[in-house]
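Data from start.txt: compact mmCIF, C-alpha atoms and all ligand atoms
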```txt
# COMPACT_ATOMS: atom_id res chain seq x y z
CA MET X 1 158.13 -39.55 -9.48
CA THR X 2 160.73 -37.57 -11.43
CA GLN X 3 163.29 -35.62 -9.46
CA LEU X 4 162.20 -31.99 -9.04
CA THR X 5 164.40 -28.91 -8.74
CA TRP X 6 163.25 -26.40 -6.14
CA LEU X 7 164.23 -22.74 -5.71
CA VAL X 8 163.63 -21.57 -2.14
CA THR X 9 163.89 -18.01 -0.79
CA GLY X 10 164.76 -17.06 2.81
CA CYS X 11 166.79 -20.17 3.70
CA SER X 12 168.97 -18.78 6.49
CA SER X 13 166.42 -20.14 9.00
CA GLY X 14 162.88 -21.36 9.56
CA PHE X 15 160.65 -22.70 6.84
CA GLY X 16 163.13 -21.94 4.04
CA GLU X 17 165.86 -23.93 5.76
CA ALA X 18 163.45 -26.76 6.66
CA PHE X 19 162.20 -26.91 3.08
CA VAL X 20 165.71 -27.34 1.72
CA GLN X 21 166.54 -30.07 4.24
CA ARG X 22 163.32 -31.99 3.57
CA ILE X 23 163.54 -31.53 -0.23
CA LEU X 24 167.03 -33.02 -0.27
CA ALA X 25 166.05 -35.81 2.13
CA ARG X 26 163.27 -36.78 -0.28
CA GLY X 27 165.67 -37.05 -3.21
CA ASP X 28 164.91 -33.76 -4.99
CA ARG X 29 167.33 -30.96 -5.84
CA ALA X 30 167.30 -27.65 -3.96
CA ILE X 31 168.71 -24.23 -4.68
CA ALA X 32 168.84 -22.49 -1.31
CA THR X 33 168.93 -18.70 -1.27
CA ALA X 34 169.42 -16.04 1.37
CA ARG X 35 170.18 -12.37 1.28
CA GLY X 36 173.77 -11.27 1.82
CA ASP X 37 176.71 -13.60 2.23
CA VAL X 38 176.04 -17.15 0.99
CA ALA X 39 178.40 -18.41 3.69
CA ARG X 40 175.24 -18.32 5.85
CA LEU X 41 174.00 -21.27 3.79
CA VAL X 42 177.06 -23.46 4.13
CA SER X 43 175.26 -26.02 6.32
CA LEU X 44 172.70 -26.51 3.53
CA GLU X 45 175.46 -26.70 0.92
CA ASP X 46 177.09 -29.41 3.04
CA VAL X 47 173.96 -31.56 2.75
CA GLY X 48 173.74 -31.10 -1.02
CA ALA X 49 172.00 -27.81 -1.79
CA ALA X 50 173.19 -25.39 -4.43
CA ILE X 51 173.41 -21.94 -2.84
CA LEU X 52 172.82 -18.46 -4.17
CA SER X 53 172.55 -14.98 -2.70
CA LEU X 54 169.09 -13.51 -3.29
CA ASP X 55 167.53 -10.53 -1.57
CA VAL X 56 163.85 -10.53 -2.51
CA THR X 57 163.75 -6.74 -2.18
CA ALA X 58 166.30 -6.28 -4.99
CA SER X 59 165.16 -4.59 -8.21
CA GLN X 60 163.19 -6.67 -10.70
CA ALA X 61 166.25 -6.64 -13.01
CA GLY X 62 168.45 -7.87 -10.15
CA ILE X 63 165.99 -10.63 -9.24
CA ASN X 64 165.63 -11.64 -12.90
CA ALA X 65 169.42 -12.01 -13.18
CA LYS X 66 169.54 -14.16 -10.02
CA VAL X 67 166.71 -16.36 -11.24
CA GLU X 68 168.51 -16.84 -14.57
CA GLU X 69 171.59 -17.87 -12.58
CA ALA X 70 169.46 -20.30 -10.58
CA ILE X 71 167.87 -21.82 -13.70
CA ALA X 72 171.34 -22.39 -15.17
CA ILE X 73 172.53 -24.42 -12.15
CA TYR X 74 170.50 -27.55 -12.99
CA GLY X 75 169.10 -26.46 -16.37
CA GLY X 76 165.63 -25.69 -15.05
CA ILE X 77 163.43 -25.11 -12.00
CA ASP X 78 160.20 -26.96 -11.21
CA VAL X 79 159.07 -25.42 -7.94
CA LEU X 80 159.44 -21.97 -6.39
CA VAL X 81 158.98 -21.62 -2.63
CA ASN X 82 158.48 -17.99 -1.58
CA SER X 83 159.49 -18.22 2.07
CA ALA X 84 161.40 -14.98 2.75
CA GLY X 85 159.53 -12.78 5.17
CA TYR X 86 159.42 -11.03 8.53
CA ILE X 87 156.94 -9.42 10.93
CA GLU X 88 156.58 -5.68 11.34
CA ALA X 89 154.82 -5.56 14.72
CA GLY X 90 152.95 -2.46 15.81
CA ILE X 91 149.74 -0.50 16.01
CA ALA X 92 148.57 0.68 12.58
CA GLU X 93 148.56 4.34 13.63
CA GLU X 94 152.14 4.07 14.89
CA VAL X 95 153.71 2.03 12.07
CA THR X 96 155.21 4.62 9.76
CA ASN X 97 154.50 4.61 6.04
CA GLU X 98 158.14 3.71 5.44
CA HIS X 99 157.93 0.62 7.68
CA PHE X 100 154.56 -0.39 6.24
CA ILE X 101 155.92 -0.25 2.70
CA ALA X 102 159.09 -2.12 3.71
CA GLN X 103 156.89 -4.92 5.10
CA LEU X 104 155.01 -5.24 1.82
CA ASN X 105 158.23 -4.92 -0.19
CA THR X 106 159.56 -8.10 1.41
CA ASN X 107 156.52 -10.25 2.15
CA THR X 108 154.33 -9.33 -0.82
CA PHE X 109 156.25 -7.67 -3.64
CA GLY X 110 159.38 -9.73 -2.92
CA ALA X 111 157.42 -12.93 -3.43
CA LEU X 112 155.59 -11.50 -6.44
CA ASN X 113 158.79 -10.24 -8.10
CA VAL X 114 160.60 -13.57 -7.71
CA THR X 115 157.49 -15.30 -9.10
CA ARG X 116 157.36 -12.84 -12.00
CA ALA X 117 161.01 -13.60 -12.79
CA LEU X 118 160.30 -17.33 -12.92
CA LEU X 119 156.99 -17.37 -14.79
CA PRO X 120 158.43 -17.10 -18.35
CA HIS X 121 160.50 -20.22 -17.59
CA PHE X 122 157.44 -22.06 -16.23
CA ARG X 123 155.29 -20.98 -19.19
CA GLU X 124 157.95 -22.03 -21.67
CA LYS X 125 158.20 -25.53 -20.26
CA LYS X 126 154.44 -25.65 -19.58
CA SER X 127 154.91 -26.69 -15.98
CA GLY X 128 155.87 -25.24 -12.63
CA VAL X 129 154.60 -24.92 -9.08
CA ILE X 130 154.52 -21.77 -6.96
CA VAL X 131 154.36 -22.08 -3.17
CA TRP X 132 153.29 -18.98 -1.24
CA THR X 133 153.84 -18.83 2.52
CA GLY X 134 150.62 -17.21 3.57
CA SER X 135 149.57 -16.94 7.18
CA LEU X 136 146.87 -17.14 9.78
CA GLY X 137 147.42 -13.37 9.64
CA GLY X 138 146.19 -13.48 6.04
CA ILE X 139 142.88 -14.97 7.21
CA ALA X 140 142.11 -12.54 10.03
CA GLY X 141 143.59 -9.27 11.22
CA GLU X 142 145.07 -9.06 14.70
CA VAL X 143 146.02 -6.34 17.15
CA GLY X 144 149.52 -5.11 16.30
CA GLY X 145 149.47 -6.93 12.97
CA ALA X 146 148.16 -4.39 10.43
CA ALA X 147 151.32 -4.30 8.32
CA TYR X 148 152.04 -8.03 8.49
CA CYS X 149 148.39 -9.00 7.93
CA ALA X 150 148.16 -6.58 5.00
CA SER X 151 151.20 -8.23 3.44
CA LYS X 152 149.64 -11.70 3.81
CA PHE X 153 146.07 -10.68 2.82
CA ALA X 154 147.60 -9.22 -0.35
CA LEU X 155 149.28 -12.53 -1.12
CA GLU X 156 145.87 -14.21 -1.03
CA GLY X 157 144.58 -12.02 -3.84
CA ILE X 158 147.77 -12.31 -5.86
CA ALA X 159 147.95 -16.10 -5.55
CA GLU X 160 144.29 -16.61 -6.43
CA SER X 161 144.37 -14.30 -9.47
CA LEU X 162 147.69 -15.66 -10.66
CA LYS X 163 146.43 -19.21 -10.39
CA LEU X 164 143.50 -18.35 -12.66
CA GLU X 165 145.79 -16.55 -15.10
CA THR X 166 148.49 -19.20 -15.35
CA GLU X 167 146.91 -22.60 -14.84
CA ALA X 168 146.28 -22.85 -18.60
CA PHE X 169 150.08 -22.76 -19.00
CA GLY X 170 150.55 -25.69 -16.64
CA VAL X 171 151.45 -23.54 -13.62
CA ARG X 172 150.10 -24.72 -10.26
CA SER X 173 149.83 -22.50 -7.18
CA HIS X 174 149.54 -23.33 -3.49
CA LEU X 175 149.17 -20.83 -0.67
CA PHE X 176 149.61 -22.20 2.84
CA GLN X 177 147.91 -20.27 5.63
CA ILE X 178 150.44 -21.10 8.29
CA GLY X 179 149.58 -20.94 12.00
CA HIS X 180 152.15 -20.45 14.78
CA PHE X 181 155.24 -22.53 14.06
CA ARG X 182 158.55 -22.64 15.91
CA THR X 183 160.93 -20.73 13.65
CA LYS X 184 162.95 -17.57 14.20
CA LEU X 185 160.05 -15.37 13.04
CA LEU X 186 159.30 -14.10 16.56
CA ASN X 187 162.95 -13.81 17.70
CA SER X 188 163.48 -10.29 18.99
CA ASN X 189 166.32 -9.88 16.46
CA ASN X 190 164.02 -10.80 13.57
CA PHE X 191 160.71 -9.04 14.02
CA LYS X 192 160.74 -5.30 13.52
CA ALA X 193 158.85 -2.67 15.45
CA VAL X 194 158.70 1.11 15.20
CA PRO X 195 159.23 3.12 18.39
CA ARG X 196 155.98 3.73 20.23
CA SER X 197 154.66 7.24 19.65
CA VAL X 198 151.05 7.42 20.87
CA ASP X 199 150.57 7.16 24.64
CA VAL X 200 147.02 5.79 24.53
CA TYR X 201 148.30 2.57 22.96
CA LYS X 202 150.75 1.84 25.78
CA ASP X 203 148.70 -1.00 27.31
CA ILE X 204 147.99 -2.62 23.96
CA ASN X 205 151.65 -2.33 22.98
CA ASP X 206 152.70 -3.91 26.28
CA MET X 207 150.29 -6.77 25.56
CA ILE X 208 151.64 -7.24 22.01
CA PHE X 209 155.27 -7.35 23.05
CA ASP X 210 154.53 -9.60 26.05
CA PHE X 211 152.80 -11.97 23.62
CA LEU X 212 155.72 -11.92 21.20
CA GLY X 213 158.17 -12.60 24.03
CA GLN X 214 156.12 -15.50 25.40
CA ALA X 215 155.27 -17.00 22.01
CA ASP X 216 158.85 -17.05 20.74
CA ASN X 217 160.12 -20.63 20.83
CA ASN X 218 156.83 -21.80 22.33
CA GLN X 219 154.78 -22.03 19.13
CA PRO X 220 152.84 -25.31 18.85
CA GLY X 221 153.69 -25.95 15.20
CA ASP X 222 156.59 -28.13 14.06
CA PRO X 223 157.99 -26.65 10.80
CA ASP X 224 159.30 -30.04 9.61
CA LYS X 225 155.81 -31.57 9.80
CA ALA X 226 154.30 -28.64 7.89
CA VAL X 227 157.04 -28.73 5.28
CA ASN X 228 156.54 -32.45 4.68
CA ILE X 229 152.83 -31.82 4.06
CA MET X 230 153.58 -28.93 1.69
CA ILE X 231 156.05 -31.08 -0.23
CA ASP X 232 153.48 -33.89 -0.42
CA ILE X 233 150.98 -31.44 -1.92
CA VAL X 234 153.47 -30.14 -4.49
CA LYS X 235 154.49 -33.69 -5.42
CA LYS X 236 150.90 -35.02 -5.21
CA GLU X 237 151.97 -37.84 -2.96
CA GLY X 238 151.70 -38.92 0.69
CA VAL X 239 148.89 -37.03 2.48
CA ALA X 240 147.85 -35.42 -0.83
CA GLU X 241 146.97 -38.70 -2.50
CA GLY X 242 143.25 -38.97 -3.19
CA LYS X 243 142.50 -35.44 -1.94
CA THR X 244 141.35 -32.36 -3.90
CA GLU X 245 144.36 -30.23 -4.84
CA PRO X 246 144.06 -27.02 -2.78
CA LEU X 247 144.98 -23.52 -3.88
CA ARG X 248 145.01 -22.56 -0.22
CA LEU X 249 145.23 -24.69 2.88
CA PRO X 250 145.51 -23.70 6.54
CA LEU X 251 148.27 -25.53 8.43
CA GLY X 252 147.98 -25.93 12.19
CA LYS X 253 145.03 -26.21 14.58
CA ASP X 254 145.21 -22.48 15.30
CA ALA X 255 144.97 -21.56 11.61
CA LEU X 256 141.96 -23.85 11.10
CA ALA X 257 140.20 -22.50 14.20
CA THR X 258 140.77 -18.92 13.03
CA LEU X 259 139.41 -19.73 9.58
CA ARG X 260 136.33 -21.55 10.90
CA ASN X 261 135.57 -18.86 13.47
CA LYS X 262 135.88 -16.06 10.92
CA TYR X 263 133.97 -17.59 8.05
CA THR X 264 131.17 -19.06 10.17
CA LYS X 265 130.55 -15.66 11.75
CA TYR X 266 130.98 -13.90 8.41
CA LEU X 267 128.41 -16.15 6.72
CA ASP X 268 126.00 -15.69 9.64
CA LEU X 269 126.40 -11.93 9.33
CA VAL X 270 125.88 -11.73 5.56
CA ASN X 271 122.88 -14.08 5.84
CA GLU X 272 121.35 -11.73 8.41
CA TRP X 273 122.01 -8.75 6.09
CA GLU X 274 121.13 -10.52 2.83
CA ASP X 275 117.99 -8.48 2.08
CA VAL X 276 119.98 -5.25 2.43
CA ILE X 277 123.03 -6.51 0.56
CA THR X 278 120.95 -7.63 -2.41
CA SER X 279 118.83 -4.47 -2.61
CA THR X 280 121.29 -2.37 -4.62
CA ASP X 281 120.65 -3.26 -8.29
CA TYR X 282 118.72 -0.95 -10.66
CA ASP X 283 114.99 -1.65 -10.53
CA VAL X 284 114.88 -2.49 -14.27
CA PRO X 285 116.70 -5.82 -14.56
CA ASP X 286 118.21 -5.23 -18.03
CA VAL X 287 121.93 -5.37 -17.31
CA LYS X 288 123.26 -8.45 -19.08
CA ALA X 289 126.99 -7.78 -19.30
CA SER X 290 129.18 -9.74 -16.93
CA THR X 291 131.23 -7.51 -14.67
CA THR X 292 133.99 -10.03 -14.13
CA VAL X 293 136.47 -11.54 -16.58
CA GLN X 294 136.83 -14.80 -14.77
CA GLY X 295 137.03 -15.75 -11.18
CA HIS X 296 134.31 -14.32 -8.95
CA GLU X 297 131.83 -16.86 -10.16
CA ALA X 298 134.43 -19.63 -10.10
CA THR X 299 135.12 -21.17 -6.75
CA VAL X 300 138.85 -21.23 -6.13
CA LEU X 301 139.65 -22.89 -2.84
N1 LIG J 401 156.68 -19.30 11.71
C1 LIG J 401 155.40 -18.99 11.67
O1 LIG J 401 154.68 -19.15 12.66
C2 LIG J 401 154.82 -18.45 10.39
C3 LIG J 401 153.42 -18.30 10.35
C4 LIG J 401 152.85 -17.80 9.19
C5 LIG J 401 153.64 -17.47 8.10
N2 LIG J 401 155.00 -17.62 8.20
C6 LIG J 401 155.79 -17.20 7.04
O2 LIG J 401 156.79 -18.13 6.75
C7 LIG J 401 157.86 -17.46 6.06
C8 LIG J 401 159.18 -17.88 6.66
O3 LIG J 401 159.24 -17.38 8.00
P1 LIG J 401 159.81 -18.29 9.17
O4 LIG J 401 158.71 -18.58 10.08
O5 LIG J 401 160.60 -19.38 8.61
O6 LIG J 401 160.73 -17.22 9.95
P2 LIG J 401 162.31 -17.05 9.98
O7 LIG J 401 162.94 -18.22 10.65
O8 LIG J 401 162.52 -15.71 10.61
O9 LIG J 401 162.75 -17.03 8.46
C9 LIG J 401 162.50 -15.92 7.66
C10 LIG J 401 163.54 -15.93 6.57
O10 LIG J 401 163.24 -14.86 5.64
C11 LIG J 401 164.46 -14.25 5.32
N3 LIG J 401 164.32 -12.92 4.78
C12 LIG J 401 163.81 -11.82 5.36
N4 LIG J 401 163.90 -10.77 4.52
C13 LIG J 401 164.49 -11.22 3.39
C14 LIG J 401 164.87 -10.63 2.17
N5 LIG J 401 164.65 -9.32 1.93
N6 LIG J 401 165.45 -11.40 1.21
C15 LIG J 401 165.67 -12.71 1.42
N7 LIG J 401 165.38 -13.33 2.58
C16 LIG J 401 164.77 -12.58 3.55
C17 LIG J 401 165.25 -14.28 6.61
O11 LIG J 401 166.61 -14.05 6.32
P3 LIG J 401 167.59 -13.15 7.24
O12 LIG J 401 168.29 -14.13 8.12
O13 LIG J 401 168.49 -12.52 6.23
O14 LIG J 401 166.75 -12.16 7.97
C18 LIG J 401 164.96 -15.70 7.07
O15 LIG J 401 165.78 -16.61 6.41
C19 LIG J 401 157.58 -15.96 6.21
O16 LIG J 401 157.04 -15.47 4.99
C20 LIG J 401 156.55 -15.91 7.30
O17 LIG J 401 155.72 -14.77 7.19
C21 LIG J 401 155.60 -18.10 9.31
```
Whole structure given in structure tokens:
Amino acid sequence: MTQLTWLVTGCSSGFGEAFVQRILARGDRAIATARGDVARLVSLEDVGAAILSLDVTASQAGINAKVEEAIAIYGGIDVLVNSAGYIEAGIAEEVTNEHFIAQLNTNTFGALNVTRALLPHFREKKSGVIVWTGSLGGIAGEVGGAAYCASKFALEGIAESLKLETEAFGVRSHLFQIGHFRTKLLNSNNFKAVPRSVDVYKDINDMIFDFLGQADNNQPGDPDKAVNIMIDIVKKEGVAEGKTEPLRLPLGKDALATLRNKYTKYLDLVNEWEDVITSTDYDVPDVKASTTVQGHEATVL
């Protein structure tokens, strides 16, 4: 297969860093980015990555300029990996509006804005792949996860709509619903949390922060294994050979169990309620106009 050039966000640790290492090991080219000082990426530069400073919360104009810089390095980009992200942990009532918006600014709008900056390039060359790091938290909500889950649920809608809008231009999209993997995501220096403010949530908060403490560095998932699978899917090789190309795919036993549990129960519930759910149309069945442009009737998996 031809050598691909990848642009990866959030490479100072975790999935971003693992992506760059695996991309290079497989003979492709990688542009590794991180916010702040690019000296943080020197270990990736040493193994062959081009490096660039990119804060995904910069203005659209700032991101556009960085993406132009990135495109100029090798004369084009084939794959964007939106990996930058963090967890804002806390009870929905306690997470301030400012913290909630900051969470979406990084995890959702950061990824969308970098994608928006790259799409004209992808459309012009009629090819490109966008990788979205979704989450188990984008399949089901969890206690203490309102802001993070909102940021990942939003990605689901963006990725699915954008796929429908851009596939005619040769743009492919993949959203990986990642389970618990051993990165720095749960390090106490990395996740954010607002000070507790409502006494009644004390026990739940204690449970959340106990969980975060215990889960850090004990996650079952190996990021290198997940990254190899994601690269296979982008490159349509290895485990992807002979399989249907997925828009979204859970990664990890925990992500699959969450998905199965939720959708099985959800289908059971809507089947039980079907007569009520379907009782809302006007009695005269004369409405012919479709209420969707494209998508709801198409199955995008
Ligand atoms: N690990 C998991 O279990 C898991 C599960 C589901 C989804 N994910 C998703 O996977 C992605 C990567 O997380 P990870 O697990 O690899 O955790 P990680 O080791 O903490 O890496 C997160 C990376 O994002 C970067 N980042 C944060 N804000 C940024 C910004 N404004 N601009 C640029 N970079 C920024 C961090 O850089 P700094 O060093 O500058 O903070 C860091 O390099 C995230 O989107 C996360 O939600 C992870």
Residues within 6 Å of ligand LIG 401 (chain J) should be enumerated using all atoms listed in the file and returned as a short mmCIF file (atom, residue, chain, number, x, y, z; two decimals) with C-alpha atoms, in the frame of the given file.
```
data_model
loop_
_atom_site.label_atom_id
_atom_site.label_comp_id
_atom_site.auth_asym_id
_atom_site.auth_seq_id
_atom_site.Cartn_x
_atom_site.Cartn_y
_atom_site.Cartn_z
CA THR X 9 163.89 -18.01 -0.79
CA GLY X 10 164.76 -17.06 2.81
CA CYS X 11 166.79 -20.17 3.70
CA SER X 12 168.97 -18.78 6.49
CA SER X 13 166.42 -20.14 9.00
CA GLY X 14 162.88 -21.36 9.56
CA PHE X 15 160.65 -22.70 6.84
CA GLY X 16 163.13 -21.94 4.04
CA ALA X 34 169.42 -16.04 1.37
CA ARG X 35 170.18 -12.37 1.28
CA LEU X 54 169.09 -13.51 -3.29
CA ASP X 55 167.53 -10.53 -1.57
CA VAL X 56 163.85 -10.53 -2.51
CA THR X 57 163.75 -6.74 -2.18
CA SER X 83 159.49 -18.22 2.07
CA ALA X 84 161.40 -14.98 2.75
CA GLY X 85 159.53 -12.78 5.17
CA TYR X 86 159.42 -11.03 8.53
CA THR X 106 159.56 -8.10 1.41
CA ASN X 107 156.52 -10.25 2.15
CA THR X 133 153.84 -18.83 2.52
CA GLY X 134 150.62 -17.21 3.57
CA SER X 135 149.57 -16.94 7.18
CA ILE X 178 150.44 -21.10 8.29
CA GLY X 179 149.58 -20.94 12.00
CA HIS X 180 152.15 -20.45 14.78
CA PHE X 181 155.24 -22.53 14.06
CA ARG X 182 158.55 -22.64 15.91
CA THR X 183 160.93 -20.73 13.65
CA LYS X 184 162.95 -17.57 14.20
CA LEU X 185 160.05 -15.37 13.04
CA ASN X 190 164.02 -10.80 13.57
#
```
**Request:** Fewer than 6 positions away in the same chain doesn't count, so skip those; otherwise give me all residues within 10 Å of X:Leu119, counting only C-alpha atoms, as number ranges by chain.
**Result:** X: 80, 113, 125-130, 166, 169, 171
**Request:** Provide the atom CA of X:Ala257 to atom CA of X:Val131 distance in Å, to one decimal place.
**Result:**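 We find that atom CA of X:Ala257 and atom CA of X:Val131 lie 22.4 Å from each other.
Between atom CA of X:Thr244 and atom CA of X:Asp232 the interatomic distance comes to 12.7 Å.
With atom CA of X:Asn187 on one side and atom CA of X:Ala147 on the other, the separation reads 17.7 Å.
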**Message:** Could you list, as an MDAnalysis selection string, every residue within 12 Å of X:Val67, counting all atoms listed in the file and ignoring same-chain residues fewer than 2 positions away?
**Reply:** chainID X and resid 6:9 31:33 52:56 58 60:65 69:77 80 113:122
Residues of the last selection are to be written out with C-alpha atoms, as a PDB file, keeping the file's coordinate frame.
```
ATOM      1  CA  TRP X   6     163.250 -26.400  -6.140  1.00  0.00           C
ATOM      2  CA  LEU X   7     164.230 -22.740  -5.710  1.00  0.00           C
ATOM      3  CA  VAL X   8     163.630 -21.570  -2.140  1.00  0.00           C
ATOM      4  CA  THR X   9     163.890 -18.010  -0.790  1.00  0.00           C
ATOM      5  CA  ILE X  31     168.710 -24.230  -4.680  1.00  0.00           C
ATOM      6  CA  ALA X  32     168.840 -22.490  -1.310  1.00  0.00           C
ATOM      7  CA  THR X  33     168.930 -18.700  -1.270  1.00  0.00           C
ATOM      8  CA  LEU X  52     172.820 -18.460  -4.170  1.00  0.00           C
ATOM      9  CA  SER X  53     172.550 -14.980  -2.700  1.00  0.00           C
ATOM     10  CA  LEU X  54     169.090 -13.510  -3.290  1.00  0.00           C
ATOM     11  CA  ASP X  55     167.530 -10.530  -1.570  1.00  0.00           C
ATOM     12  CA  VAL X  56     163.850 -10.530  -2.510  1.00  0.00           C
ATOM     13  CA  ALA X  58     166.300  -6.280  -4.990  1.00  0.00           C
ATOM     14  CA  GLN X  60     163.190  -6.670 -10.700  1.00  0.00           C
ATOM     15  CA  ALA X  61     166.250  -6.640 -13.010  1.00  0.00           C
ATOM     16  CA  GLY X  62     168.450  -7.870 -10.150  1.00  0.00           C
ATOM     17  CA  ILE X  63     165.990 -10.630  -9.240  1.00  0.00           C
ATOM     18  CA  ASN X  64     165.630 -11.640 -12.900  1.00  0.00           C
ATOM     19  CA  ALA X  65     169.420 -12.010 -13.180  1.00  0.00           C
ATOM     20  CA  GLU X  69     171.590 -17.870 -12.580  1.00  0.00           C
ATOM     21  CA  ALA X  70     169.460 -20.300 -10.580  1.00  0.00           C
ATOM     22  CA  ILE X  71     167.870 -21.820 -13.700  1.00  0.00           C
ATOM     23  CA  ALA X  72     171.340 -22.390 -15.170  1.00  0.00           C
ATOM     24  CA  ILE X  73     172.530 -24.420 -12.150  1.00  0.00           C
ATOM     25  CA  TYR X  74     170.500 -27.550 -12.990  1.00  0.00           C
ATOM     26  CA  GLY X  75     169.100 -26.460 -16.370  1.00  0.00           C
ATOM     27  CA  GLY X  76     165.630 -25.690 -15.050  1.00  0.00           C
ATOM     28  CA  ILE X  77     163.430 -25.110 -12.000  1.00  0.00           C
ATOM     29  CA  LEU X  80     159.440 -21.970  -6.390  1.00  0.00           C
ATOM     30  CA  ASN X 113     158.790 -10.240  -8.100  1.00  0.00           C
ATOM     31  CA  VAL X 114     160.600 -13.570  -7.710  1.00  0.00           C
ATOM     32  CA  THR X 115     157.490 -15.300  -9.100  1.00  0.00           C
ATOM     33  CA  ARG X 116     157.360 -12.840 -12.000  1.00  0.00           C
ATOM     34  CA  ALA X 117     161.010 -13.600 -12.790  1.00  0.00           C
ATOM     35  CA  LEU X 118     160.300 -17.330 -12.920  1.00  0.00           C
ATOM     36  CA  LEU X 119     156.990 -17.370 -14.790  1.00  0.00           C
ATOM     37  CA  PRO X 120     158.430 -17.100 -18.350  1.00  0.00           C
ATOM     38  CA  HIS X 121     160.500 -20.220 -17.590  1.00  0.00           C
ATOM     39  CA  PHE X 122     157.440 -22.060 -16.230  1.00  0.00           C
TER      40      PHE X 122
END
```
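Compared by their closest atoms to X:Arg196, and using all atoms listed in the file, the residues X:Ala92, X:Ile23, X:Ala215, X:Ile87 rank with X:Ala92 nearest.
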**Request:** Using all atoms listed in the file, pick whichever of X:Glu165, X:Glu272, X:Glu93, X:Glu17 has the shortest atom-to-atom distance to X:Ser197.
**Result:**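 For X:Ser197, the nearest of the candidates is X:Glu93.
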